[in-house]
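Shown next: start_2.cif, given as mmCIF, C-alpha atoms.
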```
data_entry
#
loop_
_atom_site.label_atom_id
_atom_site.label_comp_id
_atom_site.auth_asym_id
_atom_site.auth_seq_id
_atom_site.Cartn_x
_atom_site.Cartn_y
_atom_site.Cartn_z
CA MET A 1 108.59 93.32 67.99
CA SER A 2 110.83 96.28 68.63
CA TYR A 3 110.46 98.90 71.30
CA GLU A 4 112.32 102.02 72.35
CA ILE A 5 113.08 103.68 75.66
CA GLY A 6 109.91 105.32 76.92
CA ASP A 7 107.53 102.82 75.30
CA ARG A 8 104.84 101.33 77.52
CA ILE A 9 104.27 97.60 77.32
CA LEU A 10 102.49 94.84 79.20
CA TYR A 11 104.40 91.95 80.71
CA PRO A 12 101.80 89.25 81.47
CA MET A 13 101.75 88.08 85.10
CA HIS A 14 103.47 91.30 86.21
CA GLY A 15 101.65 94.23 84.64
CA ALA A 16 102.28 97.27 82.52
CA GLY A 17 105.43 99.33 82.68
CA THR A 18 107.71 101.72 80.85
CA ILE A 19 110.95 100.73 79.14
CA GLU A 20 113.71 102.64 80.94
CA ALA A 21 116.76 101.25 79.22
CA ILE A 22 118.07 98.73 76.72
CA GLU A 23 121.09 96.83 78.00
CA GLU A 24 123.35 94.01 76.98
CA GLN A 25 124.28 91.44 79.58
CA GLN A 26 126.76 88.61 79.28
CA ILE A 27 125.32 85.34 80.53
CA LEU A 28 127.21 82.07 80.25
CA GLY A 29 129.63 83.67 77.81
CA GLU A 30 126.92 84.96 75.46
CA LYS A 31 125.71 88.54 75.09
CA HIS A 32 121.97 89.06 75.26
CA ALA A 33 119.97 92.27 74.84
CA TYR A 34 117.34 93.16 77.45
CA TYR A 35 114.68 95.77 77.94
CA ILE A 36 114.70 97.18 81.45
CA LEU A 37 111.06 97.62 82.35
CA ARG A 38 109.95 99.73 85.31
CA LEU A 39 106.65 98.60 86.79
CA PRO A 40 104.87 101.32 88.76
CA ALA A 41 103.51 98.93 91.39
CA GLY A 42 106.19 98.51 94.01
CA ASP A 43 108.60 100.49 91.84
CA MET A 44 109.95 97.21 90.50
CA LYS A 45 112.40 96.78 87.60
CA VAL A 46 112.34 93.71 85.36
CA MET A 47 114.80 92.58 82.68
CA LEU A 48 113.04 91.24 79.59
CA PRO A 49 115.14 89.30 77.06
CA ILE A 50 114.44 90.95 73.72
CA LYS A 51 114.71 87.65 71.82
CA LYS A 52 111.91 86.11 73.91
CA LEU A 53 109.31 88.90 73.95
CA LYS A 54 106.83 87.03 71.78
CA GLU A 55 107.31 83.81 73.74
CA ILE A 56 106.76 85.67 77.04
CA GLY A 57 103.63 87.33 75.66
CA VAL A 58 104.79 90.96 75.87
CA ARG A 59 102.51 93.34 73.99
CA ASP A 60 101.71 97.03 73.60
CA ILE A 61 99.43 98.39 76.30
CA ILE A 62 95.86 99.17 75.36
CA THR A 63 94.78 102.53 74.01
CA LYS A 64 92.84 105.03 76.09
CA ALA A 65 89.70 104.20 74.06
CA GLU A 66 90.12 100.48 74.73
CA GLY A 67 90.73 101.29 78.38
CA GLN A 68 87.34 102.98 78.49
CA LYS A 69 85.75 99.79 77.13
CA VAL A 70 87.46 97.84 79.92
CA LEU A 71 86.10 100.29 82.52
CA ASP A 72 82.62 99.81 81.03
CA ALA A 73 83.05 96.03 81.30
CA ILE A 74 83.76 96.24 85.04
CA GLY A 75 80.04 96.58 85.71
CA GLY A 76 79.20 93.62 83.47
CA GLU A 77 78.34 90.07 84.43
CA ILE A 78 80.64 88.29 86.85
CA VAL A 79 81.49 84.70 86.09
CA HIS A 80 81.49 82.93 89.43
CA ASP A 81 83.06 79.51 89.15
CA ASP A 82 82.29 77.14 92.02
CA THR A 83 84.67 74.36 91.00
CA ASN A 84 87.24 73.09 93.46
CA TRP A 85 89.92 75.60 94.38
CA ASN A 86 92.74 73.71 92.66
CA LYS A 87 91.00 73.73 89.25
CA ARG A 88 89.83 77.32 89.76
CA TYR A 89 93.39 78.39 90.61
CA ARG A 90 94.85 76.69 87.50
CA ASP A 91 92.13 78.16 85.27
CA ASN A 92 92.73 81.65 86.68
CA MET A 93 96.51 81.33 86.21
CA GLU A 94 95.92 80.44 82.57
CA LEU A 95 93.71 83.51 82.12
CA LEU A 96 96.38 85.74 83.69
CA ARG A 97 99.14 84.26 81.51
CA SER A 98 97.12 85.12 78.40
CA GLY A 99 97.87 88.83 78.88
CA ASP A 100 94.31 89.64 77.73
CA ILE A 101 93.04 92.52 79.88
CA TYR A 102 89.44 91.29 79.70
CA LYS A 103 90.48 87.86 81.00
CA VAL A 104 92.46 89.57 83.78
CA LEU A 105 89.35 91.60 84.61
CA ASP A 106 87.31 88.37 84.80
CA VAL A 107 89.81 86.91 87.27
CA VAL A 108 89.73 90.06 89.41
CA LYS A 109 85.93 90.22 89.51
CA SER A 110 85.40 86.51 90.18
CA LEU A 111 87.99 86.46 92.98
CA MET A 112 86.59 89.64 94.54
CA LEU A 113 83.10 88.15 94.46
CA ARG A 114 84.30 84.85 95.94
CA ASP A 115 86.16 86.78 98.65
CA LYS A 116 83.02 88.72 99.51
CA ILE A 117 80.83 85.60 99.63
CA LYS A 118 83.09 82.84 100.99
CA GLY A 119 86.59 84.23 101.52
CA LEU A 120 89.77 83.27 99.69
CA SER A 121 92.65 80.93 100.37
CA THR A 122 96.07 82.51 100.85
CA GLY A 123 97.04 81.58 97.28
CA GLU A 124 93.90 83.07 95.81
CA ARG A 125 94.28 86.22 97.92
CA LYS A 126 97.78 86.66 96.46
CA MET A 127 96.41 85.99 92.97
CA LEU A 128 93.72 88.64 93.50
CA SER A 129 96.31 91.18 94.58
CA ASN A 130 98.53 90.38 91.58
CA SER A 131 95.69 90.40 89.05
CA LYS A 132 94.42 93.74 90.37
CA GLN A 133 97.91 95.18 90.00
CA ILE A 134 98.11 93.92 86.39
CA LEU A 135 94.70 95.38 85.55
CA ILE A 136 95.21 98.71 87.28
CA SER A 137 98.75 99.26 85.98
CA GLU A 138 97.61 98.91 82.37
CA LEU A 139 94.57 101.16 82.81
CA VAL A 140 96.66 103.83 84.53
CA LEU A 141 99.55 103.73 82.03
CA SER A 142 97.11 103.86 79.11
CA GLY A 143 95.94 107.21 80.47
CA THR A 144 92.41 105.92 80.96
CA THR A 145 92.01 106.59 84.69
CA ASN A 146 93.70 106.41 88.08
CA ALA A 147 94.04 103.49 90.49
CA GLU A 148 91.49 104.83 92.98
CA HIS A 149 88.80 105.08 90.29
CA VAL A 150 89.36 101.48 89.18
CA GLU A 151 89.17 100.26 92.80
CA LYS A 152 85.92 102.18 93.31
CA LEU A 153 84.33 100.75 90.14
CA LEU A 154 85.35 97.21 91.15
CA THR A 155 83.94 97.66 94.66
CA VAL A 156 80.62 98.95 93.31
CA ALA A 157 80.39 96.05 90.83
CA ILE A 158 80.99 93.49 93.59
CA GLU A 159 78.49 95.17 95.91
CA GLU A 160 75.87 95.05 93.14
CA ALA A 161 76.67 91.41 92.36
CA THR A 162 76.36 90.35 96.00
CA ALA A 163 73.07 92.27 96.35
CA VAL A 164 71.71 90.24 93.41
CA LYS A 165 72.94 86.96 94.97
CA ALA A 166 71.32 87.76 98.34
#
```
Let me see the structure of the file written as structure tokens.
Amino acid sequence: MSYEIGDRILYPMHGAGTIEAIEEQQILGEKHAYYILRLPAGDMKVMLPIKKLKEIGVRDIITKAEGQKVLDAIGGEIVHDDTNWNKRYRDNMELLRSGDIYKVLDVVKSLMLRDKIKGLSTGERKMLSNSKQILISELVLSGTTNAEHVEKLLTVAIEEATAVKA
């Protein structure tokens, strides 16, 4: 797994970004190479150890064509899990860690639906915000769409799902 400055990659649990630099840092007397990744949300920079990319789950971002498939899936069925919040939270964290954009989409939709119907705990509200950022950053960086369009599609999907539940 080798990337260059300017490549766009996904860092699970944080989102998609662009490699700005490749740097060596000395830590505990050993030199380690890092990718400096700029994440568009919050204009954050992250140092990714090059030796651990596979372990961390870093991958190429999706193509524009795959991004369109993800947009089409927004209107699909919403899995609404009514288990206790602790199990639901752990399950959702596992889905986010996978780095799979469709699993991230499932987390976003299920949390948005739960928020609309029952409300979310503080932890789940933070998870919703983070998972939306992961989803949107990858769709935007893939050139598929803009953030506002994704938000609108998600809102419409949740409205339709709650109308069916009513």
* Asked: To one decimal place, how far is CA of Lys132 (chain A) from CA of Leu95 (chain A) in Å?
  ->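 Between CA of Lys132 (chain A) and CA of Leu95 (chain A) the gap works out to 13.2 Å.
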* Tell me, in Å to one decimal, how far CA of Ala21 (chain A) is from CA of Gly6 (chain A). =>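 Here the two named atoms are 8.3 Å from each other.
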* Calculate how many Å separate CA of Arg114 (chain A) from CA of Tyr89 (chain A), rounding to one decimal. =>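 Rounded to one decimal, the two atoms are 12.4 Å apart.
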* Report the residues retrieved by the PyMOL selection byres ((chain A and resi 70-73) around 12) from the displayed file, expressed as a count of residues only. => 38
* Rank nothing, just name the residue among A:Leu141, A:Met93, A:Ile158, A:Met13 nearest to Glu124 (chain A), using all atoms listed in the file. => A:Met93
* Asked: Which polymer residues have any atom within 9 Å of an atom of Asn130 (chain A), counting all atoms listed in the file, with same-chain residues fewer than 3 positions away left out, as a list of chain:residue names?
  ->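 Answer for this query is A:Met13, A:His14, A:Gly15, A:Arg125, A:Lys126, A:Met127, A:Gln133, A:Ile134, A:Leu135.
Comparing the minimum interatomic distances between Asn92 (chain A) and each of A:Met112, A:Gly119, A:Ser131, A:His32, counting only C-alpha atoms, we find that A:Ser131 sits nearest.
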* Asked: Which residue gives the smallest distance to Leu10 (chain A) among A:Arg38, A:Lys52, A:Arg59, A:Lys116, with all atoms listed in the file counted?
  ->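 With all atoms listed in the file as the atom set, the closest residue is A:Arg59.
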* To do: Using only C-alpha atoms, determine which residues lie at most 10 Å from Val46 (chain A), disregarding the query and same-chain residues fewer than 4 positions distant; provide the list as a list in words.
  =>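 Contacts, in chain order: Tyr11, His14, Gly17, Ile19, Tyr34, Tyr35, Ile36, Leu37, Arg38 and Leu39 of chain A.
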Saved selection, atoms kept: C-alpha atoms, as a CSV table (one decimal), in the coordinates of the input:
```
chain,number,residue,atom,x,y,z
A,11,TYR,CA,104.4,92.0,80.7
A,14,HIS,CA,103.5,91.3,86.2
A,17,GLY,CA,105.4,99.3,82.7
A,19,ILE,CA,111.0,100.7,79.1
A,34,TYR,CA,117.3,93.2,77.4
A,35,TYR,CA,114.7,95.8,77.9
A,36,ILE,CA,114.7,97.2,81.4
A,37,LEU,CA,111.1,97.6,82.4
A,38,ARG,CA,110.0,99.7,85.3
A,39,LEU,CA,106.6,98.6,86.8
```
Spatial neighbours of Asn84 (chain A), 12 Å, only C-alpha atoms, chain gap at least 6 places, as a compact mmCIF listing (two decimals) with C-alpha atoms, keeping the file's coordinate frame:
```txt
# COMPACT_ATOMS: atom_id res chain seq x y z
CA ARG A 90 94.85 76.69 87.50
CA ASP A 91 92.13 78.16 85.27
CA SER A 121 92.65 80.93 100.37
```
* Counting all atoms listed in the file, figure out which residue out of A:Thr155, A:Ser2, A:Ser110, A:Gln25 gets nearest to Val79 (chain A). =>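 Distance minimum relative to Val79 (chain A) lands on A:Ser110.
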* Which of these residues is nearest to Gly99 (chain A), using all atoms listed in the file: A:Leu128, A:Val58, A:Ala161, A:Ile117? ->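 Checking each of A:Leu128, A:Val58, A:Ala161, A:Ile117 against Gly99 (chain A), counting all atoms listed in the file, the winner is A:Val58.
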